[in-house]
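**Student:** Please read through the structure below; I'll follow up with questions.
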Amino acid sequence: MGMTDRETISAIPDNDDWQSRIVKTPGILAGKPCIRGTRISVELVHDLLRGGRSPEDIRRRYSHISLADIEACRKYAATGAKLSDFTWRDLYGDEDDD
């Protein structure tokens with residue numbers, strides 16, 4: 001029988017340097033924090049986890065990331081750091097510009 005989601009995440013070593021897995025690069029997803037070497041944002045992974053997806057489900061969908069990457073996203077989001085620097089105005093401009 002396979003591991004549960006909680007067991008899968010807890011199997012990731014505590015000494016894993018999760019902070020090195022998350023990067024913010026201007027020009028890649030507009031500077032959103034992402035998993036290093038990908039265009040997978042912390043925000044996406046966090047939303048999937050909050051929506052009930054298991055880490056293993058996410059890993060199956062995005063096979064190029066690891067369970068440690070998913071845990072790094074969870075830990076990053078838990079710090080309370082902003083997941084996006086965008087505001088409505090950044091995306092759609094000032095409403096007074098009509």
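The way I read the labels, and the way they are meant: chains A, B, ... in the order of the structure tokens, residue 1 as the first residue of every chain, and ligand 1 as the first ligand shown, with later ones counted on from there.
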With a distance cut-off of 9 Å and only C-alpha atoms, select the neighbouring residues of Ser84 (chain A), excluding the residue or stretch itself and same-chain residues fewer than 6 positions from it, and output the selection as a list in words.

**Tutor:**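 Listed by chain and then number, they are Ala30, Gly31, Lys32, Pro33 and Glu43 of chain A.
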
**Student:** Please list as a list in words every residue within 12 Å of Leu83 (chain A), counting only C-alpha atoms and excluding residues in the same chain fewer than 4 positions away.

**Tutor:**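 Counting only C-alpha atoms, the residues come to Ile22, Val23, Lys24, Leu29, Ala30, Gly31, Lys32, Pro33, Cys34, Ser41, Val42, Glu43, Leu44, Val45, His46, Asp47, Cys73, Arg74, Lys75, Tyr76, Ala77, Ala78, Thr79 and Thr87 of chain A.
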
**Student:** Tell me which protein, DNA and RNA residues are within 10 Å of Ser66 (chain A), counting only C-alpha atoms, leaving out same-chain ones fewer than 5 positions away, and put them as a list in words.

**Tutor:**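 These residues fall inside the cut-off: Ile35, Pro55, Glu56, Ile58, Arg59, Arg60, Glu71 and Ala72 of chain A.
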
**Student:** Name the closest residue to Arg21 (chain A) among the candidates A:Ile70, A:Leu48, A:Arg53, A:Lys82; distances are taken between atoms, counting only C-alpha atoms.

**Tutor:**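 The shortest atom-to-atom distance to Arg21 (chain A) comes from A:Ile70.
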
**Student:** What is the distance between CA of Leu49 (chain A) and CA of Ile28 (chain A), in Å to one decimal?

**Tutor:**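 Answer for the CA of Leu49 (chain A) to CA of Ile28 (chain A) separation: 22.3 Å.
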